Each structure stands twice: as C-alpha cells, then as structure tokens.
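J.: Below are the structure tokens for one structure; questions will follow.
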Amino acid sequence: MDLSLFHALEGESVIFKPLSTNDVREIHDFASDEEVSRFIGWNLMNTLDETREHIETMINRESAGTHLYASIVLKSTQAIIGTGMIFNFDQKANKAEIGYVFDKNYWGKGYGTESLALMSDFAFESLNLHKIHASVVDANAGSARILEKNGYVLEGRLKDHYFIENQYYDGLLFGKIQTK
C-alpha cells in the first residue's frame with residue numbers, strides 16, 4: 001500500500017496530508033467537539049494529550065498496514081478541516097470501509113463530498129478494491145447525503161444498532177462497487 005499516494009490526494013478545494021502529532025491543536029478543535037464526535041465512533045477528546053494519543057494510535061495503525069489516515073486540508077487557508085480514513089481491509093473479498101470526520105465549521109460546504117470522491121477514486125484505482133462500504137448512524141443525515149452524492153447505495157438498515165447518549169439509533173449500511 002503506497003501511503004504517499006493517499007497522503008497526496010488533491011481536489012479543487014482540499015488536499016490530503018499525513019497525520020502528525022504536530023497538528024494536535026487543529027485536530028483537537030474538532031475531536032473535542034461533542035456535536036462532531038457524537039456519531040463518528042471516536043471517544044470525545046477532552047485534552048490535548050488524549051488527542052495526541054489518538055493521533056499516535058492512528059499513525060501506528062497506518063504503519064502496521066491496517067488503516068489509511070490523512071488530515072484533510074482546505075487549500076485556501078491551509079487549515080486542517082477533517083480526517084479521512086480507509087480501514088477494515090478484507091483482502092479475500094477485496095473490500096474496505098471508508099470514513100471521514102469534519103470540523104462542524106466546514107459542514108455543508110461540499111468538502112466532505114469532494115474528500116469522499118477523492119478517497120473512493122483512490123480506493124478503486126490505486127488499491128484496486130472491488131467494494132467500499134460505510135456505516136452511518138441514521139440520525140447523521142449529512143453523512144448519508146455525502147455518501148449518496150458519491151454514488152454509494154443504501155444496502156441495509158440495522159435496527160437499534162448504535163446506543164449513543166442513552167438512545168438507540170439504526171445503522172445505515174452504504175456500499176459502492178467498482179464498475180470498471
């Protein structure tokens with residue numbers, strides 16, 4: 001897996017770069033936001049040290065070859081606005097899971113849609129995956145829209161799959177299959 005290609009993805013508005021503990025302050029800004037972290041499956045980061053440890057864990061997973069992570073940077077300001085990831089690789093079935101998280105100040109501006117398109121193209125063209133899938137909490141309508149805009153299809157619903165803040169939520173399973 002060529003990490004340098006993933007870390008160099010570039011679109012019209014965003015570029016990707018390797019995760020770094022040097023960026024702990026910017027990543028902490030959204031990793032410590034309750035509204036952002038509510039539906040992403042990460043624990044809320046309460047301190048810079050917790051965020052630094054989380055970044056180190058992601059870097060170690062990437063070094064082990066089990067995950068790909070990148071900071072997503074807004075070209076116009078060079079600000080880190082989110083994190084993109086490809087993980088849960090299944091070599092036999094030639095598939096993986098995809099995910100993303102964005103600072104809420106950048107929601108609804110098309111950056112998630114553009115970033116997912118870059119990651120999806122990379123997964124199909126550079127990793128030669130047959131399928132990419134994503135799991136989304138049904139209350140996270142914005143994330144579901146990003147997937148749908150990128151041609152992902154709702155493949156199923158898992159009733160009461162997530163338990164968040166003492167409430168059950170359905171899980172939505174989206175998938176996209178390589179068509180070439």
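Residues in the structure tokens are numbered from 1 in each chain, the chains being A, B, ... in the order shown, and ligands are numbered from 1 in the order shown.
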Residues within 9 Å of region 21-32 of chain A, please, as a list in words. Count only C-alpha atoms; anything in the same chain fewer than 6 positions from it doesn't count.
T.: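 Those residues are Trp42, Asn43, Leu44, Met45, Asn46, Thr47, Leu48, Asp49, Glu50, Thr51, Arg52, Glu53, Ile55, Glu56, Ser71, Ala79, Ile80, Ile81, Gly82, Thr83, Val101, Phe102, Asp103 and Lys104 of chain A.
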J.: Can I get the residues of region 87-150 of chain A within 9 Å of region 160-174 of chain A, each with the closest pair of atoms and their distance in Å to one decimal, using only C-alpha atoms, sorted chain first then ascending number, as CSV?
T.:
residue,atom,partner,partner_atom,distance
A:Ile132,CA,A:Phe174,CA,8.5
A:His133,CA,A:Phe174,CA,5.5
A:Ala134,CA,A:Phe174,CA,5.2
A:Ser135,CA,A:Leu173,CA,4.8
A:Val136,CA,A:Leu172,CA,5.1
A:Val137,CA,A:Gly171,CA,4.8
A:Asp138,CA,A:Asp170,CA,5.4
A:Ala139,CA,A:Tyr169,CA,7.1
A:Ala144,CA,A:Leu172,CA,8.2
A:Leu147,CA,A:Phe174,CA,7.4
A:Glu148,CA,A:Phe174,CA,8.4
J.: Write out as a ChimeraX atom specification all residues of region 1-128 of chain A that DSSP puts in strand (DSSP E) for this structure's backbone.
T.: /A:14-17,67-74,80-90,95-102
J.: Report the residues of chain A whose backbone DSSP state falls under alpha helix (DSSP H), written as a PyMOL selection string.
T.: chain A and resi 3-6+24-31+34-37+48-64+111-125+141-149
J.: So which one's closest to Lys92 (chain A), A:Leu158, A:Ala123, A:Leu129, A:Ala64? Using only C-alpha atoms, please.
T.: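 Closest to Lys92 (chain A) of all the choices is A:Leu129.
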J.: For region 2-16 of chain A, work out the shell of residues within 6 Å, counting only C-alpha atoms and skipping chain neighbours fewer than 2 positions away, then give it as a list in words.
T.: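 Skipping anything fewer than 2 positions along the chain leaves Pro18, Ala70, Ser71, Ile72, Val73, Leu74 and Lys75 of chain A.
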J.: Please, could you write that set of residues out with N, CA, C and O atoms as a PDB file, in the first residue's frame?
T.:
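Ended up saving to out35.pdb:
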ATOM      1  N   PRO A  18      -0.279  13.621   5.534  1.00  0.00           N
ATOM      2  CA  PRO A  18      -0.181  12.625   6.616  1.00  0.00           C
ATOM      3  C   PRO A  18      -0.610  13.211   7.954  1.00  0.00           C
ATOM      4  O   PRO A  18      -0.415  14.400   8.224  1.00  0.00           O
ATOM      5  N   ALA A  70      -5.571  10.306   6.761  1.00  0.00           N
ATOM      6  CA  ALA A  70      -5.000  11.563   6.287  1.00  0.00           C
ATOM      7  C   ALA A  70      -5.739  12.729   6.911  1.00  0.00           C
ATOM      8  O   ALA A  70      -6.941  12.650   7.165  1.00  0.00           O
ATOM      9  N   SER A  71      -5.001  13.786   7.153  1.00  0.00           N
ATOM     10  CA  SER A  71      -5.636  15.045   7.511  1.00  0.00           C
ATOM     11  C   SER A  71      -6.126  15.673   6.221  1.00  0.00           C
ATOM     12  O   SER A  71      -5.437  15.630   5.191  1.00  0.00           O
ATOM     13  N   ILE A  72      -7.314  16.251   6.271  1.00  0.00           N
ATOM     14  CA  ILE A  72      -7.884  16.932   5.110  1.00  0.00           C
ATOM     15  C   ILE A  72      -7.701  18.428   5.336  1.00  0.00           C
ATOM     16  O   ILE A  72      -8.108  18.963   6.368  1.00  0.00           O
ATOM     17  N   VAL A  73      -7.061  19.059   4.368  1.00  0.00           N
ATOM     18  CA  VAL A  73      -6.653  20.456   4.497  1.00  0.00           C
ATOM     19  C   VAL A  73      -7.379  21.299   3.463  1.00  0.00           C
ATOM     20  O   VAL A  73      -7.440  20.934   2.285  1.00  0.00           O
ATOM     21  N   LEU A  74      -7.914  22.426   3.891  1.00  0.00           N
ATOM     22  CA  LEU A  74      -8.547  23.374   2.977  1.00  0.00           C
ATOM     23  C   LEU A  74      -7.442  24.135   2.258  1.00  0.00           C
ATOM     24  O   LEU A  74      -6.603  24.771   2.886  1.00  0.00           O
ATOM     25  N   LYS A  75      -7.423  24.033   0.940  1.00  0.00           N
ATOM     26  CA  LYS A  75      -6.360  24.661   0.155  1.00  0.00           C
ATOM     27  C   LYS A  75      -6.249  26.164   0.397  1.00  0.00           C
ATOM     28  O   LYS A  75      -5.156  26.701   0.523  1.00  0.00           O
TER      29      LYS A  75
END
J.: Expressed in Å to a single decimal, how great is the separation between CA of Asp90 (chain A) and CA of Leu68 (chain A)?
T.: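 Pair CA of Asp90 (chain A) / CA of Leu68 (chain A) returns 13.6 Å.
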J.: Quick one, how far is CA of Leu127 (chain A) from CA of Phe87 (chain A)?
T.: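 Going from CA of Leu127 (chain A) over to CA of Phe87 (chain A) covers 12.0 Å.
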J.: Pick out the closest residue to Gly110 (chain A) from this set: A:Ser76, A:Lys131, A:Lys149, A:Ser126. Count only C-alpha atoms.
T.: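 Using only C-alpha atoms, the shortest distance to Gly110 (chain A) belongs to A:Lys149.
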J.: Any idea what the distance is between CA of Ala96 (chain A) and CA of Ser20 (chain A)?
T.: 23.4 Å
J.: Might you pull out every residue within 8 Å of Phe89 (chain A), with only C-alpha atoms counted and same-chain residues fewer than 6 positions away left off, and present them as a PyMOL selection string?
T.: chain A and resi 66-67+95-97
J.: I need the residues from that last selection saved to file as a CSV table (one decimal), in the first residue's frame (with all heavy atoms), if you can.
T.:
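Result written to again31.csv:
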chain,number,residue,atom,x,y,z
A,66,THR,N,-2.9,-1.6,8.5
A,66,THR,CA,-4.3,-2.0,8.7
A,66,THR,C,-5.3,-0.8,8.4
A,66,THR,O,-6.5,-1.0,8.2
A,66,THR,CB,-4.6,-2.5,10.1
A,66,THR,OG1,-4.3,-1.4,11.0
A,66,THR,CG2,-3.7,-3.7,10.4
A,67,HIS,N,-4.8,0.4,8.3
A,67,HIS,CA,-5.6,1.6,8.1
A,67,HIS,C,-4.8,2.6,7.3
A,67,HIS,O,-3.6,2.6,7.3
A,67,HIS,CB,-5.9,2.3,9.5
A,67,HIS,CG,-6.7,1.5,10.4
A,67,HIS,ND1,-6.4,0.3,11.0
A,67,HIS,CD2,-8.0,1.8,10.9
A,67,HIS,CE1,-7.3,-0.1,11.8
A,67,HIS,NE2,-8.3,0.7,11.7
A,95,LYS,N,-12.3,-5.7,-0.3
A,95,LYS,CA,-13.1,-4.6,0.1
A,95,LYS,C,-12.5,-3.9,1.3
A,95,LYS,O,-11.6,-4.5,2.0
A,95,LYS,CB,-14.5,-5.0,0.3
A,95,LYS,CG,-14.7,-5.9,1.5
A,95,LYS,CD,-16.1,-6.4,1.7
A,95,LYS,CE,-16.2,-7.3,3.0
A,95,LYS,NZ,-17.5,-7.7,3.3
A,96,ALA,N,-13.1,-2.7,1.6
A,96,ALA,CA,-12.6,-2.0,2.8
A,96,ALA,C,-13.8,-1.0,3.2
A,96,ALA,O,-14.7,-0.8,2.4
A,96,ALA,CB,-11.3,-1.2,2.6
A,97,GLU,N,-13.6,-0.5,4.4
A,97,GLU,CA,-14.6,0.5,4.9
A,97,GLU,C,-13.9,1.9,4.7
A,97,GLU,O,-12.7,2.0,4.8
A,97,GLU,CB,-14.9,0.2,6.4
A,97,GLU,CG,-16.0,1.0,6.9
A,97,GLU,CD,-16.5,0.5,8.3
A,97,GLU,OE1,-16.1,-0.6,8.7
A,97,GLU,OE2,-17.3,1.2,8.9
